[in-house]
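Structure data (compact mmCIF, C-alpha atoms and all ligand atoms) from data39.txt:
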```txt
# COMPACT_ATOMS: atom_id res chain seq x y z
CA MET A 152 0.00 0.00 0.00
CA ASN A 153 1.47 3.42 -0.92
CA LYS A 154 1.51 6.59 1.20
CA LYS A 155 -1.56 8.04 -0.53
CA HIS A 156 -3.57 4.97 0.43
CA THR A 157 -2.37 5.15 4.02
CA THR A 158 -3.42 8.80 4.23
CA LEU A 159 -6.84 7.98 2.84
CA LEU A 160 -7.31 5.18 5.33
CA SER A 161 -6.24 7.27 8.29
CA PHE A 162 -8.71 10.01 7.26
CA ASP A 163 -11.37 7.30 6.98
CA GLN A 164 -10.58 6.01 10.48
CA GLU A 165 -10.67 9.48 11.95
CA HIS A 166 -13.83 10.82 10.28
CA LEU A 167 -15.99 8.21 8.59
CA TRP A 168 -18.55 6.27 10.51
CA HIS A 169 -18.85 2.71 9.14
CA PRO A 170 -21.80 0.37 9.87
CA TYR A 171 -22.01 -0.61 13.54
CA THR A 172 -18.57 0.62 14.49
CA SER A 173 -16.99 2.72 17.19
CA MET A 174 -15.32 6.06 16.37
CA SER A 175 -12.88 5.71 19.23
CA LYS A 176 -11.83 2.13 18.42
CA PRO A 177 -12.78 1.69 14.77
CA LEU A 178 -12.17 -1.67 13.19
CA PRO A 179 -9.83 -1.43 10.18
CA SER A 180 -11.43 -0.93 6.76
CA TYR A 181 -9.93 -2.12 3.50
CA LEU A 182 -9.64 0.32 0.61
CA VAL A 183 -11.26 -0.98 -2.60
CA GLU A 184 -9.61 0.17 -5.81
CA HIS A 185 -11.58 -1.81 -8.35
CA ALA A 186 -14.30 -4.42 -8.51
CA GLN A 187 -14.95 -6.76 -11.39
CA GLY A 188 -17.14 -9.85 -11.59
CA VAL A 189 -16.83 -11.48 -8.16
CA THR A 190 -13.42 -10.00 -7.37
CA LEU A 191 -12.53 -6.92 -5.35
CA THR A 192 -9.09 -5.40 -5.82
CA LEU A 193 -7.80 -3.86 -2.60
CA ALA A 194 -5.30 -1.01 -2.37
CA GLY A 195 -2.71 -3.36 -0.91
CA GLY A 196 -2.75 -5.22 -4.21
CA GLU A 197 -4.79 -8.17 -2.92
CA TYR A 198 -7.50 -9.72 -5.06
CA VAL A 199 -10.33 -11.10 -2.94
CA VAL A 200 -13.26 -13.24 -4.06
CA ASP A 201 -16.44 -11.68 -2.72
CA GLY A 202 -18.56 -14.01 -0.59
CA MET A 203 -20.99 -11.35 0.61
CA SER A 204 -22.50 -9.86 -2.59
CA SER A 205 -22.12 -6.56 -0.72
CA TRP A 206 -24.78 -7.67 1.77
CA TRP A 207 -27.04 -9.73 -0.51
CA SER A 208 -27.22 -7.17 -3.29
CA VAL A 209 -24.61 -7.69 -6.04
CA VAL A 210 -26.11 -10.83 -7.57
CA HIS A 211 -24.74 -10.31 -11.10
CA GLY A 212 -21.22 -9.32 -10.02
CA TYR A 213 -19.43 -5.98 -10.07
CA ASN A 214 -18.90 -3.79 -13.11
CA ASN A 215 -21.48 -5.76 -15.03
CA PRO A 216 -21.60 -4.64 -18.70
CA ALA A 217 -25.41 -4.88 -19.02
CA LEU A 218 -26.04 -2.90 -15.85
CA ASN A 219 -23.38 -0.33 -16.76
CA LEU A 220 -24.95 0.12 -20.17
CA ALA A 221 -28.48 0.55 -18.79
CA MET A 222 -27.35 3.21 -16.34
CA LYS A 223 -25.22 5.07 -18.86
CA ALA A 224 -28.16 5.20 -21.28
CA GLN A 225 -30.41 6.61 -18.58
CA ILE A 226 -27.81 9.20 -17.46
CA ASP A 227 -27.79 10.59 -20.98
CA THR A 228 -31.58 10.81 -20.92
CA PHE A 229 -32.20 12.18 -17.41
CA SER A 230 -30.95 11.06 -14.02
CA HIS A 231 -33.78 12.23 -11.84
CA VAL A 232 -37.14 13.96 -11.88
CA MET A 233 -39.55 14.36 -8.99
CA PHE A 234 -42.22 11.66 -8.81
CA GLY A 235 -44.95 14.02 -7.61
CA GLY A 236 -47.02 14.76 -10.70
CA LEU A 237 -44.38 13.34 -13.06
CA THR A 238 -43.65 9.79 -14.12
CA HIS A 239 -41.27 7.96 -16.46
CA LYS A 240 -40.68 4.76 -18.37
CA PRO A 241 -38.03 3.26 -16.05
CA ALA A 242 -40.48 3.33 -13.12
CA ILE A 243 -43.42 2.10 -15.21
CA ASN A 244 -41.39 -0.76 -16.69
CA LEU A 245 -40.14 -1.71 -13.26
CA ALA A 246 -43.62 -1.79 -11.74
CA GLU A 247 -44.79 -3.95 -14.65
CA LYS A 248 -41.95 -6.40 -14.05
CA LEU A 249 -42.42 -6.54 -10.29
CA ILE A 250 -46.16 -7.15 -10.60
CA ALA A 251 -45.50 -9.97 -13.07
CA LEU A 252 -42.85 -11.65 -10.89
CA THR A 253 -44.33 -11.35 -7.40
CA PRO A 254 -47.42 -13.17 -5.99
CA LYS A 255 -50.56 -12.51 -8.03
CA LYS A 256 -52.39 -10.63 -5.32
CA LEU A 257 -49.79 -7.83 -5.24
CA THR A 258 -50.68 -5.22 -7.84
CA LYS A 259 -49.74 -1.86 -6.34
CA VAL A 260 -46.13 -0.68 -6.11
CA PHE A 261 -44.59 2.00 -3.90
CA LEU A 262 -40.96 2.78 -4.76
CA ALA A 263 -38.86 3.62 -1.71
CA ASP A 264 -35.23 4.60 -1.23
CA SER A 265 -33.85 1.78 0.91
CA GLY A 266 -34.86 -1.42 2.61
CA SER A 267 -35.53 0.27 5.93
CA VAL A 268 -37.75 2.85 4.25
CA ALA A 269 -39.64 0.08 2.43
CA VAL A 270 -40.36 -1.42 5.85
CA GLU A 271 -41.48 1.96 7.21
CA VAL A 272 -43.81 2.26 4.22
CA ALA A 273 -45.19 -1.25 4.79
CA ILE A 274 -45.89 -0.47 8.44
CA LYS A 275 -47.56 2.82 7.54
CA MET A 276 -49.69 0.99 4.96
CA ALA A 277 -50.81 -1.54 7.56
CA ILE A 278 -51.69 1.13 10.12
CA GLN A 279 -53.44 3.37 7.59
CA TYR A 280 -55.33 0.31 6.33
CA GLN A 281 -56.70 -0.46 9.79
CA HIS A 282 -57.41 3.21 10.47
CA SER A 283 -59.38 3.44 7.24
CA ARG A 284 -61.54 0.51 8.37
CA ASN A 285 -62.37 2.31 11.62
CA LYS A 286 -59.99 0.02 13.47
CA ALA A 287 -57.54 2.68 14.62
CA HIS A 288 -56.96 0.64 17.80
CA LYS A 289 -55.13 -1.93 15.62
CA ASN A 290 -51.96 0.16 15.49
CA ARG A 291 -49.25 -2.19 16.76
CA LEU A 292 -47.21 -4.88 15.00
CA LEU A 293 -46.65 -8.50 15.81
CA THR A 294 -43.37 -10.08 14.84
CA ILE A 295 -41.12 -13.00 15.74
CA LYS A 296 -37.95 -12.86 17.80
CA ASN A 297 -34.54 -12.99 16.04
CA GLY A 298 -35.91 -10.82 13.24
CA TYR A 299 -34.23 -7.89 11.53
CA HIS A 300 -36.00 -5.31 9.37
CA GLY A 301 -33.67 -2.31 9.20
CA ASP A 302 -32.32 0.52 11.31
CA THR A 303 -34.94 3.27 11.13
CA PHE A 304 -37.20 3.52 14.17
CA ALA A 305 -40.30 1.65 13.06
CA ALA A 306 -38.11 -1.00 11.43
CA MET A 307 -36.05 -1.27 14.61
CA SER A 308 -39.18 -1.61 16.71
CA VAL A 309 -39.85 -4.98 15.04
CA GLY A 310 -36.24 -6.16 15.15
CA ASP A 311 -35.19 -8.58 17.86
CA PRO A 312 -35.42 -6.64 21.15
CA VAL A 313 -32.12 -8.08 22.44
CA ASN A 314 -30.00 -7.99 19.26
CA GLY A 315 -31.59 -4.65 18.34
CA MET A 316 -30.70 -3.21 21.77
CA HIS A 317 -34.20 -1.81 22.34
CA GLN A 318 -33.26 -0.73 25.85
CA LEU A 319 -31.04 2.00 24.35
CA PHE A 320 -34.06 3.65 22.77
CA GLN A 321 -36.64 2.99 25.47
CA GLY A 322 -39.39 5.57 25.53
CA PHE A 323 -38.77 6.43 21.90
CA ILE A 324 -39.20 3.08 20.23
CA THR A 325 -42.76 1.82 19.74
CA GLU A 326 -43.60 -1.22 21.82
CA ASN A 327 -44.81 -4.07 19.67
CA TYR A 328 -45.69 -7.71 20.26
CA PHE A 329 -43.07 -10.45 19.96
CA ALA A 330 -43.73 -14.14 19.47
CA GLU A 331 -41.07 -16.80 19.97
CA ALA A 332 -38.99 -17.50 16.86
CA PRO A 333 -39.73 -20.79 15.10
CA GLN A 334 -37.50 -23.65 16.24
CA CYS A 335 -38.10 -26.18 13.46
CA GLY A 336 -35.42 -25.79 10.81
CA PHE A 337 -36.13 -25.78 7.08
CA TYR A 338 -35.19 -29.45 6.70
CA ASP A 339 -36.68 -30.71 10.02
CA ASP A 340 -40.04 -32.35 10.55
CA PHE A 341 -42.54 -29.70 11.46
CA ASP A 342 -43.94 -29.48 14.97
CA GLU A 343 -47.26 -27.55 15.26
CA GLN A 344 -46.02 -26.31 18.63
CA ASP A 345 -43.79 -23.91 16.71
CA LEU A 346 -46.89 -21.81 16.00
CA ALA A 347 -48.16 -21.74 19.57
CA SER A 348 -46.56 -18.42 20.49
CA VAL A 349 -47.78 -16.56 17.38
CA LYS A 350 -51.23 -18.01 18.01
CA HIS A 351 -51.16 -16.96 21.65
CA GLN A 352 -50.13 -13.39 20.81
CA LEU A 353 -52.88 -13.11 18.22
CA GLU A 354 -55.53 -14.57 20.55
CA GLN A 355 -54.56 -12.12 23.28
CA HIS A 356 -53.85 -8.98 21.27
CA HIS A 357 -55.45 -9.20 17.81
CA ASP A 358 -57.54 -6.11 18.51
CA ARG A 359 -54.29 -4.13 18.86
CA ILE A 360 -52.41 -5.70 15.94
CA ALA A 361 -52.40 -4.20 12.44
CA ALA A 362 -50.03 -6.72 10.87
CA LEU A 363 -47.64 -9.56 11.44
CA ILE A 364 -44.27 -8.71 9.90
CA LEU A 365 -41.60 -11.33 9.32
CA GLU A 366 -38.73 -12.38 7.09
CA PRO A 367 -40.07 -15.41 5.22
CA ILE A 368 -38.02 -18.62 5.75
CA VAL A 369 -34.63 -16.93 6.29
CA GLN A 370 -34.04 -14.84 9.39
CA GLY A 371 -30.98 -12.95 8.17
CA ALA A 372 -29.13 -10.39 10.30
CA GLY A 373 -30.94 -11.75 13.39
CA GLY A 374 -29.10 -15.08 13.25
CA MET A 375 -29.03 -16.55 9.72
CA ARG A 376 -31.69 -19.11 10.65
CA PHE A 377 -33.75 -21.06 8.10
CA TYR A 378 -37.18 -22.04 9.42
CA HIS A 379 -39.84 -24.46 8.24
CA PRO A 380 -42.22 -23.43 5.43
CA GLN A 381 -45.11 -24.87 7.45
CA PHE A 382 -44.53 -22.16 10.05
CA LEU A 383 -45.01 -19.49 7.40
CA LYS A 384 -48.11 -21.25 6.09
CA GLY A 385 -49.48 -21.36 9.63
CA CYS A 386 -48.78 -17.64 10.10
CA ARG A 387 -50.72 -16.82 6.92
CA ALA A 388 -53.72 -18.82 8.17
CA LEU A 389 -53.57 -17.22 11.63
CA CYS A 390 -53.42 -13.72 10.11
CA ASP A 391 -56.58 -14.46 8.14
CA GLN A 392 -58.28 -15.92 11.21
CA TYR A 393 -57.48 -12.87 13.37
CA ASP A 394 -58.00 -10.14 10.77
CA VAL A 395 -54.35 -9.11 10.70
CA LEU A 396 -52.33 -8.27 7.58
CA LEU A 397 -49.20 -10.25 6.71
CA ILE A 398 -46.10 -8.24 5.73
CA ALA A 399 -43.32 -10.30 4.13
CA ASP A 400 -39.93 -8.63 4.33
CA GLU A 401 -38.10 -10.18 1.37
CA ILE A 402 -35.46 -7.47 1.22
CA ALA A 403 -32.73 -10.09 1.76
CA THR A 404 -34.45 -13.20 0.38
CA GLY A 405 -36.01 -11.68 -2.74
CA PHE A 406 -34.84 -12.44 -6.28
CA GLY A 407 -33.78 -16.04 -5.88
CA ARG A 408 -31.42 -16.08 -2.92
CA SER A 409 -33.24 -18.84 -1.00
CA GLY A 410 -33.74 -21.06 -4.05
CA LYS A 411 -37.19 -19.66 -4.91
CA LEU A 412 -37.66 -16.33 -6.63
CA PHE A 413 -39.36 -15.18 -3.40
CA ALA A 414 -39.05 -17.12 -0.16
CA CYS A 415 -42.86 -17.01 0.34
CA GLU A 416 -43.04 -19.52 -2.52
CA HIS A 417 -41.49 -22.21 -0.27
CA ALA A 418 -44.77 -22.11 1.68
CA ASN A 419 -46.96 -21.31 -1.29
CA ILE A 420 -48.44 -18.26 0.41
CA GLU A 421 -49.12 -14.68 -0.63
CA PRO A 422 -48.51 -11.80 1.76
CA ASP A 423 -50.74 -8.69 1.80
CA ILE A 424 -47.69 -6.44 1.71
CA LEU A 425 -44.23 -7.29 0.38
CA CYS A 426 -40.94 -5.42 0.89
CA LEU A 427 -38.12 -5.74 -1.66
CA GLY A 428 -34.69 -4.12 -1.85
CA LYS A 429 -30.99 -5.08 -1.93
CA ALA A 430 -30.68 -7.27 -5.09
CA LEU A 431 -33.47 -5.28 -6.77
CA THR A 432 -30.88 -3.12 -8.60
CA GLY A 433 -28.25 -5.86 -8.77
CA GLY A 434 -26.54 -3.92 -6.00
CA TYR A 435 -25.91 -0.87 -8.18
CA LEU A 436 -27.96 1.76 -6.40
CA THR A 437 -30.18 2.02 -3.38
CA LEU A 438 -33.79 1.30 -4.30
CA ALA A 439 -36.56 -0.63 -2.64
CA ALA A 440 -40.20 -1.37 -3.30
CA THR A 441 -43.24 -2.04 -1.15
CA LEU A 442 -45.99 -3.88 -2.96
CA CYS A 443 -49.50 -4.37 -1.65
CA SER A 444 -52.74 -5.98 -2.71
CA ASP A 445 -55.43 -4.07 -4.52
CA HIS A 446 -57.66 -4.54 -1.46
CA VAL A 447 -55.15 -2.87 0.90
CA ALA A 448 -54.61 -0.02 -1.57
CA GLN A 449 -58.34 0.56 -2.06
CA VAL A 450 -59.11 0.58 1.65
CA ILE A 451 -56.30 3.09 2.32
CA SER A 452 -57.41 5.27 -0.57
CA ASN A 453 -61.04 5.28 0.54
CA GLY A 454 -60.13 6.07 4.14
CA GLU A 455 -60.05 9.33 6.06
CA ALA A 456 -56.80 10.60 4.51
CA GLY A 457 -57.83 9.51 1.01
CA VAL A 458 -54.15 9.20 0.14
CA PHE A 459 -51.15 7.21 1.28
CA MET A 460 -48.99 9.47 3.44
CA HIS A 461 -45.46 9.01 2.13
CA GLY A 462 -43.44 10.60 -0.68
CA PRO A 463 -39.64 10.68 -0.62
CA THR A 464 -37.68 13.21 -2.71
CA PHE A 465 -35.87 10.49 -4.64
CA MET A 466 -38.94 8.28 -5.06
CA GLY A 467 -38.72 6.20 -8.22
CA ASN A 468 -35.27 7.53 -9.13
CA PRO A 469 -34.92 6.79 -12.87
CA LEU A 470 -31.28 5.71 -12.67
CA ALA A 471 -32.03 3.24 -9.91
CA CYS A 472 -35.13 2.00 -11.78
CA SER A 473 -33.03 1.49 -14.94
CA ALA A 474 -30.50 -0.55 -13.00
CA ALA A 475 -33.37 -2.58 -11.51
CA ASN A 476 -34.93 -3.21 -14.93
CA ALA A 477 -31.60 -4.40 -16.33
CA SER A 478 -30.97 -6.54 -13.26
CA LEU A 479 -34.37 -8.25 -13.48
CA THR A 480 -33.83 -8.94 -17.18
CA LEU A 481 -30.41 -10.46 -16.39
CA LEU A 482 -31.88 -12.58 -13.64
CA ILE A 483 -34.09 -14.34 -16.18
CA GLU A 484 -31.50 -14.39 -19.00
CA ASN A 485 -28.84 -15.88 -16.72
CA ASP A 486 -31.27 -18.52 -15.40
CA TRP A 487 -31.01 -17.49 -11.74
CA HIS A 488 -32.56 -20.79 -10.66
CA ALA A 489 -29.82 -22.89 -12.21
CA GLN A 490 -27.17 -20.52 -10.82
CA VAL A 491 -28.58 -20.70 -7.30
CA MET A 492 -29.12 -24.48 -7.39
CA ASN A 493 -25.51 -25.03 -8.49
CA ILE A 494 -24.27 -22.85 -5.64
CA GLU A 495 -26.53 -24.68 -3.18
CA GLN A 496 -25.26 -28.08 -4.29
CA GLN A 497 -21.64 -27.03 -4.01
CA LEU A 498 -22.11 -25.30 -0.65
CA LYS A 499 -23.79 -28.44 0.70
CA ALA A 500 -20.99 -30.67 -0.54
CA GLN A 501 -18.20 -28.44 0.77
CA LEU A 502 -19.62 -26.93 3.96
CA LEU A 503 -21.87 -29.57 5.54
CA PRO A 504 -18.93 -31.91 6.38
CA LEU A 505 -17.34 -29.09 8.44
CA VAL A 506 -19.90 -29.76 11.17
CA ASP A 507 -17.41 -32.27 12.60
CA LEU A 508 -14.80 -29.59 13.37
CA GLY A 509 -14.37 -28.69 17.02
CA ASN A 510 -15.09 -24.98 16.56
CA VAL A 511 -18.30 -25.62 14.64
CA GLU A 512 -21.71 -25.68 16.30
CA ASP A 513 -23.86 -25.97 13.20
CA VAL A 514 -23.71 -25.73 9.41
CA ARG A 515 -26.71 -24.85 7.26
CA VAL A 516 -27.22 -24.22 3.57
CA LEU A 517 -30.25 -22.95 1.71
CA GLY A 518 -30.18 -21.69 -1.87
CA ALA A 519 -27.13 -19.50 -2.34
CA ILE A 520 -26.60 -19.03 1.40
CA GLY A 521 -24.05 -21.02 3.40
CA VAL A 522 -23.76 -20.54 7.15
CA ILE A 523 -21.32 -21.88 9.70
CA GLU A 524 -22.32 -21.19 13.27
CA ALA A 525 -19.22 -21.29 15.47
CA VAL A 526 -19.14 -22.43 19.08
CA ASN A 527 -17.60 -19.10 20.12
CA PRO A 528 -17.76 -15.59 18.69
CA VAL A 529 -15.11 -14.63 16.16
CA ILE A 530 -12.37 -12.06 16.84
CA MET A 531 -13.46 -9.70 14.14
CA ASP A 532 -10.29 -7.85 13.11
CA LYS A 533 -8.19 -11.01 13.23
CA ILE A 534 -10.57 -13.17 11.22
CA GLN A 535 -11.13 -10.39 8.69
CA LYS A 536 -7.38 -10.06 8.15
CA ARG A 537 -7.02 -13.83 7.81
CA PHE A 538 -9.78 -13.99 5.20
CA VAL A 539 -8.07 -11.27 3.15
CA GLU A 540 -4.79 -13.20 3.37
CA LEU A 541 -6.67 -16.24 2.11
CA GLY A 542 -7.91 -14.18 -0.86
CA VAL A 543 -11.59 -13.89 0.06
CA TRP A 544 -13.98 -11.26 1.31
CA ILE A 545 -16.13 -12.80 4.03
CA ARG A 546 -17.44 -10.70 6.88
CA PRO A 547 -18.68 -12.70 9.84
CA PHE A 548 -20.67 -11.38 12.78
CA GLY A 549 -20.85 -12.84 16.26
CA LYS A 550 -20.63 -16.61 15.91
CA LEU A 551 -21.71 -16.59 12.28
CA VAL A 552 -19.31 -17.13 9.42
CA TYR A 553 -21.41 -17.13 6.29
CA VAL A 554 -21.43 -16.54 2.55
CA MET A 555 -24.05 -15.46 0.04
CA PRO A 556 -21.96 -15.02 -3.10
CA PRO A 557 -22.93 -13.35 -6.38
CA TYR A 558 -24.93 -15.79 -8.53
CA VAL A 559 -22.26 -15.52 -11.27
CA ILE A 560 -19.54 -17.08 -9.11
CA SER A 561 -17.60 -19.94 -10.74
CA LYS A 562 -17.05 -23.36 -9.14
CA GLU A 563 -13.36 -22.54 -8.53
CA GLU A 564 -14.13 -19.19 -6.94
CA LEU A 565 -16.74 -20.77 -4.69
CA THR A 566 -14.25 -23.44 -3.67
CA LYS A 567 -11.87 -20.65 -2.70
CA LEU A 568 -14.55 -19.30 -0.36
CA THR A 569 -15.35 -22.65 1.25
CA ASP A 570 -11.64 -23.55 1.58
CA ALA A 571 -11.10 -20.27 3.41
CA MET A 572 -14.08 -20.99 5.67
CA ARG A 573 -12.61 -24.40 6.52
CA ALA A 574 -9.21 -22.87 7.21
CA VAL A 575 -10.53 -20.27 9.66
CA MET A 576 -12.72 -22.81 11.46
CA GLN A 577 -9.59 -24.88 12.10
CA ASP A 578 -7.77 -21.93 13.65
CA ASP A 579 -8.59 -21.53 17.35
CA SER A 580 -6.76 -18.19 17.55
CA LEU A 581 -9.53 -16.52 15.51
CA PHE A 582 -12.26 -17.22 18.11
CA GLN A 583 -12.88 -15.59 21.44
CA CYS A 584 -12.40 -18.69 23.58
CA PRO A 585 -9.35 -20.68 22.51
CA LYS A 586 -10.61 -24.23 22.47
CA ALA A 587 -14.07 -25.55 21.89
CA PRO A 588 -15.08 -28.82 23.50
CA THR A 589 -14.20 -31.69 21.20
CA LYS A 590 -17.12 -33.64 19.82
N1 LIG B 601 -34.97 -6.05 6.00
C1 LIG B 601 -34.09 -7.05 5.92
C2 LIG B 601 -34.59 -8.47 5.98
C3 LIG B 601 -32.73 -6.80 5.75
O1 LIG B 601 -31.85 -7.82 5.68
C4 LIG B 601 -32.31 -5.44 5.65
C5 LIG B 601 -30.84 -5.08 5.45
N2 LIG B 601 -29.90 -5.88 6.02
C6 LIG B 601 -33.26 -4.42 5.75
C7 LIG B 601 -34.58 -4.77 5.91
C8 LIG B 601 -32.86 -2.98 5.68
O2 LIG B 601 -32.45 -2.62 4.42
P1 LIG B 601 -31.49 -1.36 4.20
O3 LIG B 601 -30.19 -1.69 4.83
O4 LIG B 601 -31.43 -1.21 2.71
O5 LIG B 601 -32.15 -0.19 4.86
```

Here is a file; write its structure as C-alpha cells.
Ligand code: PMP
Amino acid sequence: MNKKHTTLLSFDQEHLWHPYTSMSKPLPSYLVEHAQGVTLTLAGGEYVVDGMSSWWSVVHGYNNPALNLAMKAQIDTFSHVMFGGLTHKPAINLAEKLIALTPKKLTKVFLADSGSVAVEVAIKMAIQYQHSRNKAHKNRLLTIKNGYHGDTFAAMSVGDPVNGMHQLFQGFITENYFAEAPQCGFYDDFDEQDLASVKHQLEQHHDRIAALILEPIVQGAGGMRFYHPQFLKGCRALCDQYDVLLIADEIATGFGRSGKLFACEHANIEPDILCLGKALTGGYLTLAATLCSDHVAQVISNGEAGVFMHGPTFMGNPLACSAANASLTLLIENDWHAQVMNIEQQLKAQLLPLVDLGNVEDVRVLGAIGVIEAVNPVIMDKIQKRFVELGVWIRPFGKLVYVMPPYVISKEELTKLTDAMRAVMQDDSLFQCPKAPTK
C-alpha cells in the first residue's frame, strides 16, 4: 500500500462512521480500488473473491456490462425527476416487471429509497389500512424474535429486542408484540407447537395488531436461521383468522437467494404487503419497493386521509429504476434458478462436512446461502485479516461465518470461499475462547 492509500485510510478512520462501528476504536477498513465480476481489488494489491454480494445485493457481479450500459443510457436521458405529478418509463417498466414476478395478489407498487424505508412504508400501509376501516386501535405490530428489518425507528421496533438493543431507545421506540422464533429448521419435521406463540399473541392482542411482519423462511441479520415453510403457512392462516395483515420482508431473500424467486413460494403463500430491496438493482444503487394488494390499496385510498402518506424526494429515481430493470432482465437471462441451485449443491458438498470440526456448532445451507455457526464468537479484526490473506472477502458477525456469493460465481471461486471458511474454522486463535469442547 502506498503513502496516498495510508493517508486515505487514516482520514477514513478518523472521520468516517462505518456500519455498527466505534469512532474511538474503529475496526480497520480495506480500501477498494476496483471491482470486477466477483473480485474486489484492494489497495494493498490483494485480489479477494467476494462471498458477501455486498450484503445480498450484487447478484450479477461488479462492473457488469449490461447494468453499466443501462445506467449510462439513462444518465444521458435524465438522471432524476420528482415523482410528484411526473412519471417515467423506467419506473413504469419496473412496476410492470415486479407485478409480473411477485405473488398474483400484489398489484400496487410503492418505490422507496432503501430497505428500511420500504419497511417503514409497509408499516404505515398496515396502520393506515386499519385506520381506514375504523380500526384505529389496531396500530401495533406482531413479529417473531430474532428478526431484523432495518435501522430506522419503526423497522427497529420490530427487530429482535435483544439484538436490536431496544433498551437503548426505550421511551422512543414503539412497543410491539413479539412471538417466539420458530425452532423447526427448514429441513426438520414440522412441529405444530412452533406456531403456539404466534397463536397466543394473536388470541390475546389481535384487537391491537395491524399486521404480522416477518422475514419469510430466512431470518438474516438476526441469526441466519432457516425455518420451516409450514410455520409461514401457519402464520398466513392465523393472520386471516385474526384479521391481521401479513407483511413479508423479502429485502434479503427476494430475487432467488433462498432457491425460490421469493421465499414465500417455499410455503406457497401470498402476503398482503411485500418489501423488496438489496438485489433489486443488482446492488448498483439504493432502491426498494413495497408492494400491496389491490384490497389494501383501495381501503387506504377510501379512508379518512384519502391518500397514502409518504413521498420521498428520490422516489422512483430513474437511474435506480433502470438498473433494476436491467438486473431483473439479467436474472431471467442468466437462469437465476440454475445458478442458485448449483451454488446450493456445491455449498452443501463443501460446507456440511465441516460440522465435525471442534469450533463448529452448526452448518446450514439454503439456496445460495451457506452458514457456519461457530461455538464461540469470532475475533473480528483477526478473522477479517485472515480472510483477506486467504484471498476472500467474508465478513462474519458474532458466531456466524457465512457466505451469500454473487450468482455468477464460478465453481473454482466458490471453492476458494469454502476452503477459506474451513481454514478459519480450524484456527482456534480466531475465536474468542481458545478451544471448543471436542465432539
Ligand atoms: N430487512 C431485511 C430483511 C434486511 O436484511 C435489511 C438489510 N440488512 C433491511 C430490511 C434494511 O435494508 P437497508 O439496509 O437497505 O435499509

**Asked** For the atom pair CA of Ala571 in chain A and CA of Ala489 in chain A, what is the interatomic distance in Å to one decimal place?
**Response**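 These atoms are spaced 24.5 Å apart.
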
With ligand LIG 601 (chain B) as the partner and 9 Å as the cut-off, tabulate the residues of chain A that qualify, each row holding the nearest pair of atoms and their distance in Å to one decimal, using only C-alpha atoms and all ligand atoms, sorted by chain and rising number, as a Markdown table.
```
| residue | atom | partner | partner_atom | distance |
| --- | --- | --- | --- | --- |
| A:Trp206 | CA | B:LIG601 | N2 | 6.9 |
| A:Trp207 | CA | B:LIG601 | O1 | 8.1 |
| A:Asp264 | CA | B:LIG601 | O4 | 8.0 |
| A:Ser265 | CA | B:LIG601 | O4 | 4.2 |
| A:Gly266 | CA | B:LIG601 | O2 | 3.2 |
| A:Ser267 | CA | B:LIG601 | O5 | 3.6 |
| A:Val268 | CA | B:LIG601 | O5 | 6.4 |
| A:Ala269 | CA | B:LIG601 | C7 | 7.8 |
| A:Val270 | CA | B:LIG601 | C7 | 6.7 |
| A:Gly298 | CA | B:LIG601 | C2 | 7.7 |
| A:Tyr299 | CA | B:LIG601 | C2 | 5.6 |
| A:His300 | CA | B:LIG601 | N1 | 3.6 |
| A:Gly301 | CA | B:LIG601 | C8 | 3.7 |
| A:Asp302 | CA | B:LIG601 | O5 | 6.5 |
| A:Thr303 | CA | B:LIG601 | O5 | 7.7 |
| A:Ala306 | CA | B:LIG601 | C7 | 7.6 |
| A:Leu365 | CA | B:LIG601 | C2 | 8.3 |
| A:Glu366 | CA | B:LIG601 | C2 | 5.8 |
| A:Pro367 | CA | B:LIG601 | C2 | 8.9 |
| A:Val369 | CA | B:LIG601 | C2 | 8.5 |
| A:Gln370 | CA | B:LIG601 | C2 | 7.2 |
| A:Gly371 | CA | B:LIG601 | O1 | 5.8 |
| A:Ala372 | CA | B:LIG601 | O1 | 5.9 |
| A:Gly373 | CA | B:LIG601 | O1 | 8.7 |
| A:Asp400 | CA | B:LIG601 | C2 | 5.6 |
| A:Glu401 | CA | B:LIG601 | C2 | 6.0 |
| A:Ile402 | CA | B:LIG601 | C1 | 4.9 |
| A:Ala403 | CA | B:LIG601 | O1 | 4.6 |
| A:Thr404 | CA | B:LIG601 | C2 | 7.3 |
| A:Cys426 | CA | B:LIG601 | N1 | 7.9 |
| A:Leu427 | CA | B:LIG601 | N1 | 8.3 |
| A:Gly428 | CA | B:LIG601 | O4 | 6.3 |
| A:Lys429 | CA | B:LIG601 | O4 | 6.1 |
| A:Thr437 | CA | B:LIG601 | O4 | 7.0 |
| A:Leu438 | CA | B:LIG601 | O4 | 7.8 |
| A:Ala439 | CA | B:LIG601 | O4 | 7.4 |
```

**Request:** Can you pull out every residue within 7 Å of Gln279 in chain A, counting all atoms listed in the file, but drop anything in the same chain fewer than 4 positions away, and send it as a PyMOL selection string?
**Result:** chain A and resi 275+283+451

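Here CA of Gln535 in chain A and CA of Val189 in chain A stand 17.8 Å from one another.
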
**Item:** One-decimal distance in Å that lies between CA of Gly407 in chain A and CA of Gly433 in chain A
**Value:** 11.9 Å

**Message:** Taking (-43.1, -21.2, 2.1) as a centre in this file's frame and 10 Å as the limit, can you find every polymer residue with an atom that close, using only C-alpha atoms, and give them as a list in words?
**Reply:**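 Protein, DNA and RNA residues close to (-43.1, -21.2, 2.1): Phe337, Pro367, Ile368, Tyr378, His379, Pro380, Gln381, Phe382, Leu383, Lys384, Gly385, Lys411, Phe413, Ala414, Cys415, Glu416, His417, Ala418, Asn419, Ile420 and Glu421 of chain A.
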
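When only C-alpha atoms are used to compute distances to Ala186 in chain A, the closest of the residues A:Asp339, A:Asp201, A:Asp579, A:Asp513 turns out to be A:Asp201.
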
**Request:** Write out as a PyMOL selection string each polymer residue whose atoms come within 8 Å of Pro556 in chain A, counting only C-alpha atoms; drop sequence neighbours fewer than 3 positions from it.
**Result:** chain A and resi 201-204+207+210+519-520+560+565

**Asked** Which polymer residues have any atom within 12 Å of an atom of Ala500 in chain A, counting all atoms listed in the file, with same-chain residues fewer than 2 positions away left out, as a list in words?
**Response**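 In the requested form, the answer reads Asn493, Ile494, Glu495, Gln496, Gln497, Leu498, Leu502, Leu503, Pro504, Leu505, Val506, Val514, Arg515, Val516, Gly521, Lys562, Leu565, Thr566, Thr569 and Asp570 of chain A.
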
**Message:** I'd like to know which of A:Asn476, A:Asn510, A:Ser161, A:Gln501 is closest to Ala242 in chain A, using all atoms listed in the file.
**Reply:**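 Closest to Ala242 in chain A of all the choices is A:Asn476.
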